[in-house]
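Scroll down for the structure; my scribbles are underneath it.
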Amino acid sequence: MKAKILAVGSALAAGAAAQQTLWGQCGGIGWTGSSSCVAGAACTSYNAYYYQCIPGATTAATTTTAATTTRTTTPVTTTTSSRTTTTSSRTTTPSTTTTTTRTTTSSTTTTRASTTTTSNGSCPTNFVSTSGKEFRLSGKKFYFAGSNAYYIPMYGPNDFLDIDTSLDAFAASGLKVLRTWGFADFVGPQEDYVTVFQNWSSVPPTILETQERGLPRLDRVIQGAESRGIKIILPFINNWAEYGGIDLYVEKTLGSSGNHGDFYTNTAIKNIYKNYVKTIVNRYKSSPAILAWELSNEIRCAGPRLGAGSCTPAVTTAWAKEMSEYIKSLDPCHLVAVGDEGFFNNAGSSEYLYNGGPGIDNEALTTLASIDFGTFHMYPIPWGKTWDWGNQWIKDHAAIADKLNKPMLFEEYGVTRDSGLRDTYHQQYHDTVFANSIAGDMFWQFGTTVPNWGKSYDDGYSIYPSDTTQWQNFVVNWAAKMETKNA
């Protein structure tokens, strides 16, 4: 999903194009770009924060929305990238300003082949590995329930207490795996932003490895996860504009001549991405808190501002192969995943989600030897589907796990509170997950309240402890039920 950027009037807020591309954002609270879509698509309201150019619609929705630049009490998420029809997530959230020194040490462990050992010996047993369609931890099955909270590294300034409070709440819930943003790319005066991992005021960008508003904030998250027994999934880039995104890499490197697809093929851009990946992987590769490195959040051939160019599923698969092999060369002991939404590329299909239309082939990506497990996301209504259809989407991906004998992670999904259907469909989705070959389940998104920033951003999908029955059923009880598969 997309995530909303916390309290930032972003210089990147989209919008130069006269018309938005298919699946691009075209409205919502804070949106300053065009509300017009390319031919064959209409600007359709998903919620107050996100309007998207959906194919096949015949009329455009009105999309005026208030633009607000004041920082709310909590980070926002744009989700998935999310949601947009595809959902990218997440919002930039507050960041912390205390300067903490980086404490991770270089890893001395050796190699991990695509399963659990290497020619030089085994990887640490407290690192997550795979065995067939299952994850393993310390030699035992590791089925889990988890969640997304993209905003935790963004708290600040001086809000390490907020990071710690969020992690305490996550651990107390019984959830085992947290997915949070490992990227925060911005351009312009650094003081305009809360958290900045890469500053694009120059090209190549500067990685803030020691500055308070930079990677020391992510250090605090990783260290805190280690001490609480939480496993982390860390994506390196967003397909969407929140916290930077692929279009930023292209626009800053190639200028107006670039398109979204260039991200996957241009050598200069790939080298910038690899440099950032190398910095993050080397910083945390000795940490048992890392469950997996993720190439992206919801890569597609097109983005919110730039079209696909000549990008195809074959192009994104080739890019994933190159980058996952590169990560394995740096860190053979941690798992690697793509972080894609799970779109299929079935010959002869007329359905956008199944015919390669977004430029993704989930089966081909998951098949790669350097990819340890598959991922898929699910947002039925923004994708033009029904809530009922979601059960089939889960089964379709379980079938890929069965076919490839690799774990499949249900990495993002949710049912909006205002739909009135959360009780029905969260329960149905959990039942479908439990009955099929799904190795882990992570809803979008974990809601909490912290001392300085208050309540985390609510995009409609968040589940908070104050959602008493739903919190108990879909967080606490569900985490305990998934744990029973490890017996």
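Note on naming: chains are A, B, ... as they come in the structure tokens, residues start from 1 per chain, ligands start from 1 in the order shown.
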Problem set entry | Glu483 (chain A) environment, 12 Å, only C-alpha atoms, sequence neighbours closer than 4 positions dropped, as a ChimeraX atom specification | /A:140-146,174-176,434,439-441,476-479,487
For this session: Just the strand (DSSP E) stuff from region 130-337 of chain A, please, per backbone DSSP, written as a PyMOL selection string.
Result: chain A and resi 130-131+134-137+140-141+144-148+177-179+185-186+198-199+206-207+231-235+290-294+335-337
For this session: For Ala318 (chain A), work out the shell of residues within 12 Å, counting only C-alpha atoms and skipping chain neighbours fewer than 3 positions away, then give it as a list in words.
Result: Tyr264, Thr265, Cys311, Thr312, Pro313, Ala314, Val315, Lys321, Glu322, Met323, Ser324, Glu325, Val338, Gly359, Ile360, Asp361, Ala364, Leu365, Thr367, Leu368 and Ser370 of chain A
Problem set entry | Best match for closeness to His334 (chain A) among A:Ala347, A:Ile438, A:Leu234, A:Ala41, counting only C-alpha atoms |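 Of all the options, A:Leu234 lies closest to His334 (chain A).
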For this session: Go ahead and compute the interatomic distance for CA of Gln20 (chain A) and CA of Trp240 (chain A), in Å to one decimal.
Result: 13.4 Å
Problem set entry | Distance criterion (only C-alpha atoms): nearest to Pro124 (chain A) out of A:Leu254, A:Lys285, A:Thr432, A:Val277 | A:Lys285
For this session: Could you give me, as a list in words, the residues within 9 Å of Thr375 (chain A), counting only C-alpha atoms and dropping anything in the same chain fewer than 3 positions from it?
Result: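 The residues satisfying every condition are Ala337, Val338, Gly339, Asp340, Glu341, Gly342, Asn362, Thr366, His397, Pro407, Met408, Leu409, Phe410, Glu411 and Glu412 of chain A.
Compared by their closest atoms to Pro382 (chain A), and using only C-alpha atoms, the residues A:Phe186, A:Tyr413, A:Tyr354, A:Tyr429 rank with A:Tyr413 nearest.
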Exercise. Please, which residues of region 98-307 of chain A, numbered as in this document, come out alpha helix (DSSP H) from DSSP, as a PyMOL selection string?
Worked result: chain A and resi 160-173+215-228+246-254+267-284
Exercise. Between CA of Arg179 (chain A) and CA of Lys133 (chain A), what is the spacing in Å?
Worked result: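 Answer for the CA of Lys133 (chain A) to CA of Arg179 (chain A) separation: 20.2 Å.
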Exercise. How far is it from CA of Leu291 (chain A) to CA of Asp219 (chain A), in Å with one decimal?
Worked result: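 Interatomic distance here is 15.4 Å.
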Closest atom pairs, region 127-223 of chain A residues within 10 Å of region 445-462 of chain A, only C-alpha atoms, as CSV:
residue,atom,partner,partner_atom,distance
A:Gly146,CA,A:Phe446,CA,8.8
A:Ser147,CA,A:Phe446,CA,5.8
A:Asn148,CA,A:Gln445,CA,5.0
A:Ala149,CA,A:Phe446,CA,5.6
A:Tyr150,CA,A:Gln445,CA,8.6
A:Tyr151,CA,A:Ser456,CA,8.0
A:Ile152,CA,A:Ser456,CA,9.3
A:Tyr155,CA,A:Trp453,CA,7.7
A:Gly156,CA,A:Trp453,CA,8.4
A:Pro157,CA,A:Asn452,CA,9.6
A:Asn158,CA,A:Asn452,CA,9.3
A:Asp159,CA,A:Asn452,CA,6.9
A:Phe160,CA,A:Asn452,CA,9.7
A:Leu161,CA,A:Pro451,CA,7.5
A:Asp162,CA,A:Val450,CA,5.2
A:Ile163,CA,A:Val450,CA,8.2
A:Asp164,CA,A:Val450,CA,9.0
A:Thr165,CA,A:Val450,CA,6.1
A:Ser166,CA,A:Thr448,CA,6.6
A:Leu167,CA,A:Thr448,CA,9.6
A:Ala169,CA,A:Thr448,CA,7.2
A:Phe170,CA,A:Phe446,CA,7.9
A:Ser173,CA,A:Phe446,CA,9.9
A:Leu175,CA,A:Phe446,CA,9.8
A:Leu178,CA,A:Phe446,CA,9.1
A:Arg179,CA,A:Gln445,CA,9.6
Report as JSON lines: every residue of region 228-339 of chain A with an atom at most 12 Å from region 212-218 of chain A, its closest pair of atoms, and their distance in Å to one decimal, counting only C-alpha atoms, with rows sorted by chain and ascending residue number.
{"residue": "A:Ile232", "atom": "CA", "partner": "A:Leu218", "partner_atom": "CA", "distance": 11.3}
{"residue": "A:Leu234", "atom": "CA", "partner": "A:Leu218", "partner_atom": "CA", "distance": 10.3}
{"residue": "A:Tyr276", "atom": "CA", "partner": "A:Leu215", "partner_atom": "CA", "distance": 11.4}
{"residue": "A:Thr279", "atom": "CA", "partner": "A:Leu215", "partner_atom": "CA", "distance": 10.0}
{"residue": "A:Ile280", "atom": "CA", "partner": "A:Leu215", "partner_atom": "CA", "distance": 8.8}
{"residue": "A:Arg283", "atom": "CA", "partner": "A:Leu215", "partner_atom": "CA", "distance": 9.6}
{"residue": "A:Tyr284", "atom": "CA", "partner": "A:Leu218", "partner_atom": "CA", "distance": 10.0}
Prev. selection, N, CA and C atoms, output as a compact mmCIF listing (two decimals), in the first residue's frame:
# COMPACT_ATOMS: atom_id res chain seq x y z
N ILE A 232 11.89 -8.70 11.46
CA ILE A 232 11.64 -7.54 10.61
C ILE A 232 11.78 -7.91 9.13
N LEU A 234 12.27 -5.80 5.64
CA LEU A 234 12.71 -4.45 5.33
C LEU A 234 12.80 -4.24 3.82
N TYR A 276 22.74 1.85 -2.12
CA TYR A 276 21.90 1.96 -0.93
C TYR A 276 21.68 0.59 -0.30
N THR A 279 24.67 -0.52 1.62
CA THR A 279 24.80 0.19 2.90
C THR A 279 23.89 -0.42 3.97
N ILE A 280 22.64 -0.68 3.61
CA ILE A 280 21.69 -1.23 4.59
C ILE A 280 22.02 -2.67 4.94
N ARG A 283 25.02 -2.98 7.12
CA ARG A 283 24.77 -2.41 8.45
C ARG A 283 24.07 -3.40 9.37
N TYR A 284 23.19 -4.23 8.81
CA TYR A 284 22.35 -5.08 9.65
C TYR A 284 22.47 -6.58 9.37
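Distance annotation: of A:Trp393, A:Trp200, A:Phe344, A:Phe236, the residue with the minimal separation from Asn436 (chain A) is A:Trp393; atom set is only C-alpha atoms.
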